[in-house]
Number of protein chains: 2
Amino acid sequence: MFTKLKRLLIGRPLKSNESSGQKLSKFKALAVLSSDALSSVAYGPEQILIVLMAAGSTALWFSLPIGLAVLILLVALVLSYQQIIHAYPQGGGAYVVAKENLGTNFGLTAGGALLVDYILTVAVSVSAGGDAITSAFPALRAHSVAVAVIIVVIITILNLRGLTDSATLLSYPVYFFVLMMLLVIGGGIFAMMTGQSAPIHESAPIGTPVMGMSLFLLLRAFSSGCSALTGVEAISNAIPSFKEPAPKNAARTLLMMGGILAVLLLGIVGLAYLYGVHPSADQTVLSQLASHLFGRSILYYIIQASTALILILAANTGYSAFPLLAFNLAKDKYMPRPFKVKGDRLGYSNGIITLGALSILLLIIFKGRTESLIPLYAVGVFIPFSLSQTGMIVHWMKRRPSGWIGKLVINLIGALICYMILVIFFLTKFPQIWPVLIFVPIVVFMFHKIHEHYVLVAEQLRVDTRQPVPVIHASDNIIVVPVAGITKVVEQSLTYARSLSDNVIAVFVGDSPEAIQKMDDAWNAWNPGVRLVTIHSPYRSIVNPLDKFISTVKYKAEKRGATVTVVFPQFYTKKWWQSLLHNQSGVLIKASLIRHKDIVIATVPFHFKK
Amino acid sequence: MFTKLKRLLIGRPLKSNESSGQKLSKFKALAVLSSDALSSVAYGPEQILIVLMAAGSTALWFSLPIGLAVLILLVALVLSYQQIIHAYPQGGGAYVVAKENLGTNFGLTAGGALLVDYILTVAVSVSAGGDAITSAFPALRAHSVAVAVIIVVIITILNLRGLTDSATLLSYPVYFFVLMMLLVIGGGIFAMMTGQSAPIHESAPIGTPVMGMSLFLLLRAFSSGCSALTGVEAISNAIPSFKEPAPKNAARTLLMMGGILAVLLLGIVGLAYLYGVHPSADQTVLSQLASHLFGRSILYYIIQASTALILILAANTGYSAFPLLAFNLAKDKYMPRPFKVKGDRLGYSNGIITLGALSILLLIIFKGRTESLIPLYAVGVFIPFSLSQTGMIVHWMKRRPSGWIGKLVINLIGALICYMILVIFFLTKFPQIWPVLIFVPIVVFMFHKIHEHYVLVAEQLRVDTRQPVPVIHASDNIIVVPVAGITKVVEQSLTYARSLSDNVIAVFVGDSPEAIQKMDDAWNAWNPGVRLVTIHSPYRSIVNPLDKFISTVKYKAEKRGATVTVVFPQFYTKKWWQSLLHNQSGVLIKASLIRHKDIVIATVPFHFKK
């Protein structure tokens, strides 16, 4: 039943050597890995406007210089990451770059921040996608959390099916969104120039002095705008997913993505200024622009749908990045081993499922509110940004290949910008982002504890293969069979025990002398060829006396290096409910014995036929 | 940790032969077994008034004749049960009496109805106790369900401690309640006679004709009043708990209880008429009487507290009766075997815990509303009443001891009254009580299915002790050791396997030819003296190829009557969280193998020291 459902949702299992067929072309990679960055235009410009609005609508013209500053930042980041891609063709995530150049702790900090951030990617994108939907259909606003959770579940299932399947499926909407945004920008400029459309509000001219405008507000607006840059690092983490030559393809894809993002960002910021859009709680800036230009026509709904869709796909970026990073951390023994296991469809199923579950948790905790999630998301992104740029500086200074000074300068500028932005974040948004200062250290601490454990385990499991394997003589082994009466099950257990050793003891625990006498008599009458030991348990407990008896046996056996095996029957009934009718005390006794003693438990199944 | 908490809550374990010390004296028995019946005066009279109020306040005088009718019914029931006690000194519950005289199905119907009813006893009493509390403290009304649930949990713990401990603790409040009720009744009559107190409302004189009074309403009021009779059967079910001579002591206790109940019932009904109390949703009738007579003084709060307390203790009656009945049903193989097990404190712990859990469920479903629970409760009581009376008629007709005709007549009258009341119930309250017609048949069906299963199991487990126990030759046994690498754990498993049989096979499942080659080479270098079989699994699954391999081995072994044992290591880490870091695939593989095949699983523990 479960297997069938799994097949239906996930698809047939793939062989390990089908793996190379799963590599991404540039065209598909742009769709899968850039949706996070590109979709940022749906909320990035809006975040700038929301902050500026605090100083009144005349302050909105500041969005233009701020937009330009963000663009400069984008260029710096793209250039820096281009260099990382070529320097780390095996996948130059912040974790790898920081670990190799700055040491383990910086690497783990970057890794931990990124893991948390990928979860936020999913949560932010899905909730912003929900905003696009509720802008068009206000009636759905009451159920926004439920809608978001359902979307996460669907994306999780698609990812469990495997990367390429979903890439094919998901690439069209990304390009369609770019087309729709170009249509809005182009249409908006054309309508304004031909005078077919008037602004929503009159915009203050560029340079208008604004009362109450402070540097603090300006920096705050700038740091909000930086949320439009989230997702730029995705490509450099996923180089191994590209078709060969992977680094070259990845670098080109990054450049393409940077170009598209720059055009869209500038276009939307500019258009919002031209049309004097004011940010609103009920409707996104994009929705205001589209409905103003095209009315509530079918075209408007298509634009909203494509916005919602790309945001949902942006969440998908997390699903490419999180499992890969978890795999890398698990390979280095900083994450639990199950994250290394490839699932039936060659994806890292455990990483995918973990990401889905944690982002649902975040959505529920933050009640699906995009504006509360974004500051955390943005600061989380700039921590690994900064660390990987810093790592690259060290990288160039150590290696010094030809032209290293130019490269060093690029990464130095990138690093300085990132640090500056981090400082701005903590100065202007501390009340929203302090949890990062708690969670990242906790995650890093966890990494260390896990690592420590795995190292200790490996030490304890190491075998000296030059030594011969020790041998125990069969006649030394003792086999204990607890019995509760004379039944087929007991007979079967005794037969099994006698086939393993000549040293078999049956044990009966009775709660009254009469019960013990009765058992003794029945045993002698039956005479199964095994010695019966009886124990009186005045407190009716079976576990404790059995435990004591086995300890005594174990003590004797240990002296001659032999093992003690306890044989337990386990019942299997025909129907599931029937198993409720059998005392499960056997299970408890087994659990208690094996947990606390060094004895072997042999479970003999008894399948009821009727 | 768990053990310490258990000791603190439940007390030290008691030896089986400490059992007789737990018998009840008449004085304590009256407290433990009669609180259900006596506490009925807290809601019985009120239920009559609520129904009559539908015809206006002039109809309230009808409560006097209805109260008398209920009293007659009480006398009939007490007399009938006196006879049952003497005829069934081993505990004459409706289940036993109906089963012996009317056959299994009637017995099971009575038993099923009673089990459901004991759950309702707890739910009704606790929620009525809550009403008494909220009459005094209206602020608590919003949390009534939570309060009720906490009370159930406390009673459950007290009962897990054992019967006598709680009897000592609980007997004072019962007698205190009787005292308080006598004080209210006596004080009320005295105040009225001396003219110190005026009625709350003027009562219509007895015999006043009432517009809209119908026979239906009258019968409905009467059947509501019958809820005051619930709990009368408790004593006859619990005869084995009495001190010797148990039947005589039980019969006397029943008589005492009947007398007290009659006085209180008549007193409260009469007083409510004298003072013209109208039933109200905010305050119970008892609370109205007490606050009218004594004001909101300390005495008033003491009266309310003692009412709440006895209702809570009434719930305790269910805790004496339910586990005992469940034990009797389990002894006859109609209930799961765990209900036969005595706990550390000699109570039937499983019955006690089940009752607590189910009554909490009922309280939550019915949101703690007493008035919704009472009709179900009352009708559930009268089904076993009727069946046991009918059973007694058959009993006397079969045995015909001296004076049997007189006894027959008493039980005949009892039975006729009970049937009449059942008819009245179904005529006047069908919308509230139909669930009984569904639940009782379901419970009886369950009894039969359980019985059928246990009979089949006993058949399959029966051993012919005259036949010798079969012997398998050790050399025929095959031991399979799945290995994932060369570690201390594998070494330990191999050593163990070789001590049991010469026929040991190690199996390795690899997902690539390279992995298999590597393992083969390492194995040959190590040379542990055991043959290694390697399996290539292109789909990375370990369970399926292992499953197939073991099936093949099993097939060969079966032909010569030998067993197959699969040796699995199980890791035990030092700290609980570390166990999360180890692949639990072994557990899944074990579960799958043992569930579906006839092979033995030997679990070898490996305890990490660090």
# chains A, B, ... in the order shown; residues from 1 in each chain; ligands from 1
$ interface_residues --of "chain B" --to "chain A" --cutoff "6 Å" --atoms "only C-alpha atoms" --output "short mmCIF file (atom, residue, chain, number, x, y, z; two decimals) with N, CA and C atoms, in the first residue's frame"
data_model
loop_
_atom_site.label_atom_id
_atom_site.label_comp_id
_atom_site.auth_asym_id
_atom_site.auth_seq_id
_atom_site.Cartn_x
_atom_site.Cartn_y
_atom_site.Cartn_z
N LYS B 15 3.32 -7.17 47.61
CA LYS B 15 3.40 -8.60 47.31
C LYS B 15 2.00 -9.16 47.06
N SER B 16 1.94 -10.26 46.30
CA SER B 16 0.65 -10.87 45.99
C SER B 16 -0.09 -11.28 47.26
N PRO B 336 -9.31 -8.23 26.17
CA PRO B 336 -7.89 -8.52 26.03
C PRO B 336 -7.25 -8.95 27.34
N LEU B 461 -1.80 -23.31 19.80
CA LEU B 461 -0.64 -23.39 20.70
C LEU B 461 -0.58 -24.72 21.45
N ARG B 462 -1.65 -25.51 21.33
CA ARG B 462 -1.72 -26.73 22.15
C ARG B 462 -0.61 -27.70 21.72
N VAL B 463 0.06 -28.26 22.74
CA VAL B 463 1.15 -29.21 22.49
C VAL B 463 0.68 -30.60 22.91
N THR B 465 1.85 -33.37 24.67
CA THR B 465 3.04 -33.61 25.51
C THR B 465 3.49 -35.06 25.47
N VAL B 469 9.87 -33.91 21.81
CA VAL B 469 10.18 -32.62 21.20
C VAL B 469 11.12 -32.86 20.01
N VAL B 471 14.03 -32.60 17.15
CA VAL B 471 15.43 -32.19 17.28
C VAL B 471 15.97 -31.80 15.90
N ILE B 472 16.65 -30.66 15.83
CA ILE B 472 17.33 -30.25 14.60
C ILE B 472 18.83 -30.39 14.83
N HIS B 473 19.56 -30.87 13.83
CA HIS B 473 21.00 -30.98 14.01
C HIS B 473 21.67 -29.64 13.78
N ALA B 474 22.55 -29.31 14.67
CA ALA B 474 23.20 -28.01 14.66
C ALA B 474 23.87 -27.73 13.32
N THR B 487 34.30 -3.75 10.49
CA THR B 487 34.33 -2.98 11.73
C THR B 487 34.32 -3.95 12.91
N LYS B 488 34.51 -3.41 14.08
CA LYS B 488 34.44 -4.19 15.31
C LYS B 488 33.09 -4.89 15.44
N THR B 495 32.02 -13.57 15.09
CA THR B 495 32.47 -14.45 16.16
C THR B 495 31.29 -15.16 16.80
N SER B 499 30.22 -19.26 16.61
CA SER B 499 30.10 -20.08 17.81
C SER B 499 28.80 -20.90 17.79
N LEU B 500 27.86 -20.55 16.91
CA LEU B 500 26.58 -21.25 16.87
C LEU B 500 26.55 -22.33 15.79
N TRP B 526 41.53 -9.43 5.12
CA TRP B 526 41.21 -9.67 6.54
C TRP B 526 41.16 -11.16 6.83
N PRO B 528 38.46 -13.46 7.70
CA PRO B 528 37.90 -13.81 9.01
C PRO B 528 37.39 -15.26 9.08
N PRO B 538 21.62 -2.14 -8.06
CA PRO B 538 21.69 -0.90 -8.83
C PRO B 538 20.73 0.17 -8.32
N TYR B 539 19.69 -0.25 -7.61
CA TYR B 539 18.72 0.75 -7.13
C TYR B 539 19.03 1.23 -5.72
N LEU B 581 21.88 9.64 15.18
CA LEU B 581 22.92 9.82 14.18
C LEU B 581 23.28 8.52 13.48
N VAL B 600 14.80 -16.67 12.15
CA VAL B 600 15.09 -16.15 13.48
C VAL B 600 16.02 -14.95 13.34
N ILE B 601 15.75 -13.91 14.10
CA ILE B 601 16.61 -12.73 14.09
C ILE B 601 17.38 -12.72 15.41
N ALA B 602 18.69 -12.74 15.32
CA ALA B 602 19.51 -12.62 16.53
C ALA B 602 20.10 -11.21 16.57
N THR B 603 19.76 -10.48 17.63
CA THR B 603 20.23 -9.10 17.75
C THR B 603 21.42 -9.06 18.71
N VAL B 604 22.56 -8.65 18.20
CA VAL B 604 23.77 -8.58 19.02
C VAL B 604 24.00 -7.11 19.40
#
$ select_by_dssp --residues "segment 120-332 of chain B" --states "alpha helix (DSSP H)" --output "number ranges by chain"
B: 120-136, 144-160, 163-193, 215-225, 234-237, 246-274, 285-294, 298-331
$ residues_around --residues "Ser359 of chain A" --least-positions-apart "3" --cutoff "10 Å" --atoms "only C-alpha atoms" --output "PyMOL selection string"
chain A and resi 116+118-124+126+148-149+152+315+354-356+362-365
$ write_last_selection --atoms "C-alpha atoms" --output "PDB file, in the first residue's frame"
ATOM      1  CA  VAL A 116      18.875  28.090   8.000  1.00  0.00           C
ATOM      2  CA  TYR A 118      17.492  27.750   2.568  1.00  0.00           C
ATOM      3  CA  ILE A 119      14.645  26.981   4.903  1.00  0.00           C
ATOM      4  CA  LEU A 120      13.835  30.711   4.914  1.00  0.00           C
ATOM      5  CA  THR A 121      14.061  30.785   1.113  1.00  0.00           C
ATOM      6  CA  VAL A 122      11.268  28.269   0.936  1.00  0.00           C
ATOM      7  CA  ALA A 123       9.182  30.015   3.580  1.00  0.00           C
ATOM      8  CA  VAL A 124       9.643  33.556   2.185  1.00  0.00           C
ATOM      9  CA  VAL A 126       5.973  30.570  -0.724  1.00  0.00           C
ATOM     10  CA  ALA A 148       1.350  28.004   1.764  1.00  0.00           C
ATOM     11  CA  VAL A 149       1.656  24.655   3.535  1.00  0.00           C
ATOM     12  CA  VAL A 152       5.347  23.348   0.207  1.00  0.00           C
ATOM     13  CA  ALA A 315      11.224  27.972  -3.140  1.00  0.00           C
ATOM     14  CA  THR A 354      13.757  17.803   6.252  1.00  0.00           C
ATOM     15  CA  LEU A 355      13.672  21.072   4.324  1.00  0.00           C
ATOM     16  CA  GLY A 356       9.960  20.682   3.587  1.00  0.00           C
ATOM     17  CA  LEU A 362       8.524  28.382   9.965  1.00  0.00           C
ATOM     18  CA  LEU A 363       5.412  29.289   7.961  1.00  0.00           C
ATOM     19  CA  ILE A 364       3.202  28.249  10.851  1.00  0.00           C
ATOM     20  CA  ILE A 365       5.314  30.061  13.489  1.00  0.00           C
TER      21      ILE A 365
END
$ residues_around --residues "Ser349 of chain A" --least-positions-apart "6" --cutoff "12 Å" --atoms "only C-alpha atoms" --output "PyMOL selection string"
chain A and resi 10+156-163+319-320+322-324+326-327+338-343+355-356
$ write_last_selection --atoms "N, CA and C atoms" --output "compact mmCIF listing (two decimals), in the first residue's frame"
# COMPACT_ATOMS: atom_id res chain seq x y z
N ILE A 10 6.22 9.49 -6.36
CA ILE A 10 7.66 9.72 -6.56
C ILE A 10 8.14 9.18 -7.90
N THR A 156 7.74 19.64 -2.36
CA THR A 156 8.53 18.55 -1.78
C THR A 156 8.36 17.28 -2.60
N ILE A 157 7.14 16.97 -2.95
CA ILE A 157 6.88 15.74 -3.73
C ILE A 157 7.56 15.83 -5.09
N LEU A 158 7.44 17.00 -5.75
CA LEU A 158 8.09 17.15 -7.06
C LEU A 158 9.59 16.91 -6.95
N ASN A 159 10.20 17.39 -5.86
CA ASN A 159 11.63 17.23 -5.71
C ASN A 159 12.03 15.81 -5.38
N LEU A 160 11.14 15.10 -4.67
CA LEU A 160 11.45 13.70 -4.41
C LEU A 160 11.43 12.90 -5.71
N ARG A 161 10.70 13.37 -6.71
CA ARG A 161 10.69 12.72 -8.02
C ARG A 161 12.02 12.88 -8.74
N GLY A 162 12.81 13.89 -8.38
CA GLY A 162 14.11 14.05 -9.01
C GLY A 162 14.24 15.38 -9.71
N LEU A 163 15.51 15.82 -9.87
CA LEU A 163 15.79 17.17 -10.30
C LEU A 163 15.35 17.45 -11.74
N TYR A 319 15.33 23.67 -2.60
CA TYR A 319 15.33 22.22 -2.69
C TYR A 319 16.51 21.69 -3.49
N SER A 320 17.13 22.55 -4.34
CA SER A 320 18.35 22.09 -5.01
C SER A 320 19.53 22.26 -4.07
N PHE A 322 19.70 22.96 -0.42
CA PHE A 322 19.74 22.43 0.95
C PHE A 322 20.25 20.98 0.99
N PRO A 323 19.66 20.07 0.19
CA PRO A 323 20.11 18.67 0.28
C PRO A 323 21.57 18.51 -0.11
N LEU A 324 22.03 19.32 -1.07
CA LEU A 324 23.42 19.22 -1.52
C LEU A 324 24.37 19.68 -0.40
N ALA A 326 23.64 19.75 2.80
CA ALA A 326 23.52 18.77 3.88
C ALA A 326 24.37 17.55 3.56
N PHE A 327 24.38 17.15 2.27
CA PHE A 327 25.21 16.02 1.85
C PHE A 327 26.68 16.33 2.11
N PRO A 338 22.26 9.95 7.48
CA PRO A 338 21.18 9.72 6.51
C PRO A 338 21.12 10.76 5.39
N PHE A 339 21.70 11.96 5.62
CA PHE A 339 21.65 12.97 4.57
C PHE A 339 22.57 12.62 3.40
N LYS A 340 23.37 11.55 3.56
CA LYS A 340 24.23 11.12 2.47
C LYS A 340 23.53 10.14 1.53
N VAL A 341 22.39 9.61 1.97
CA VAL A 341 21.75 8.53 1.22
C VAL A 341 20.94 9.09 0.05
N LYS A 342 21.18 8.54 -1.16
CA LYS A 342 20.35 8.94 -2.30
C LYS A 342 19.08 8.11 -2.32
N GLY A 343 17.99 8.75 -2.61
CA GLY A 343 16.70 8.05 -2.62
C GLY A 343 16.47 7.31 -3.94
N LEU A 355 13.91 19.69 4.73
CA LEU A 355 13.67 21.07 4.32
C LEU A 355 12.17 21.38 4.28
N GLY A 356 11.41 20.48 3.68
CA GLY A 356 9.96 20.68 3.59
C GLY A 356 9.34 20.84 4.97
$ residues_around --residues "segment 233-243 of chain A" --least-positions-apart "2" --cutoff "9 Å" --atoms "only C-alpha atoms" --output "PyMOL selection string"
chain A and resi 20+22-26+29-30+33-34+36-37+77-78+81-82+84-85+88-94+230-231+245-247+249-251+253-254+317-318+320-321+324-325+381+385
$ atom_distance --atom1 "atom CA of Leu546 of chain B" --atom2 "atom CA of Glu558 of chain B"
17.9 Å
$ residues_around --residues "Ser291 of chain A" --least-positions-apart "6" --cutoff "12 Å" --atoms "only C-alpha atoms" --output "MDAnalysis selection string"
chainID A and resid 135:136 184 188 197 200 277 283:285 297:304
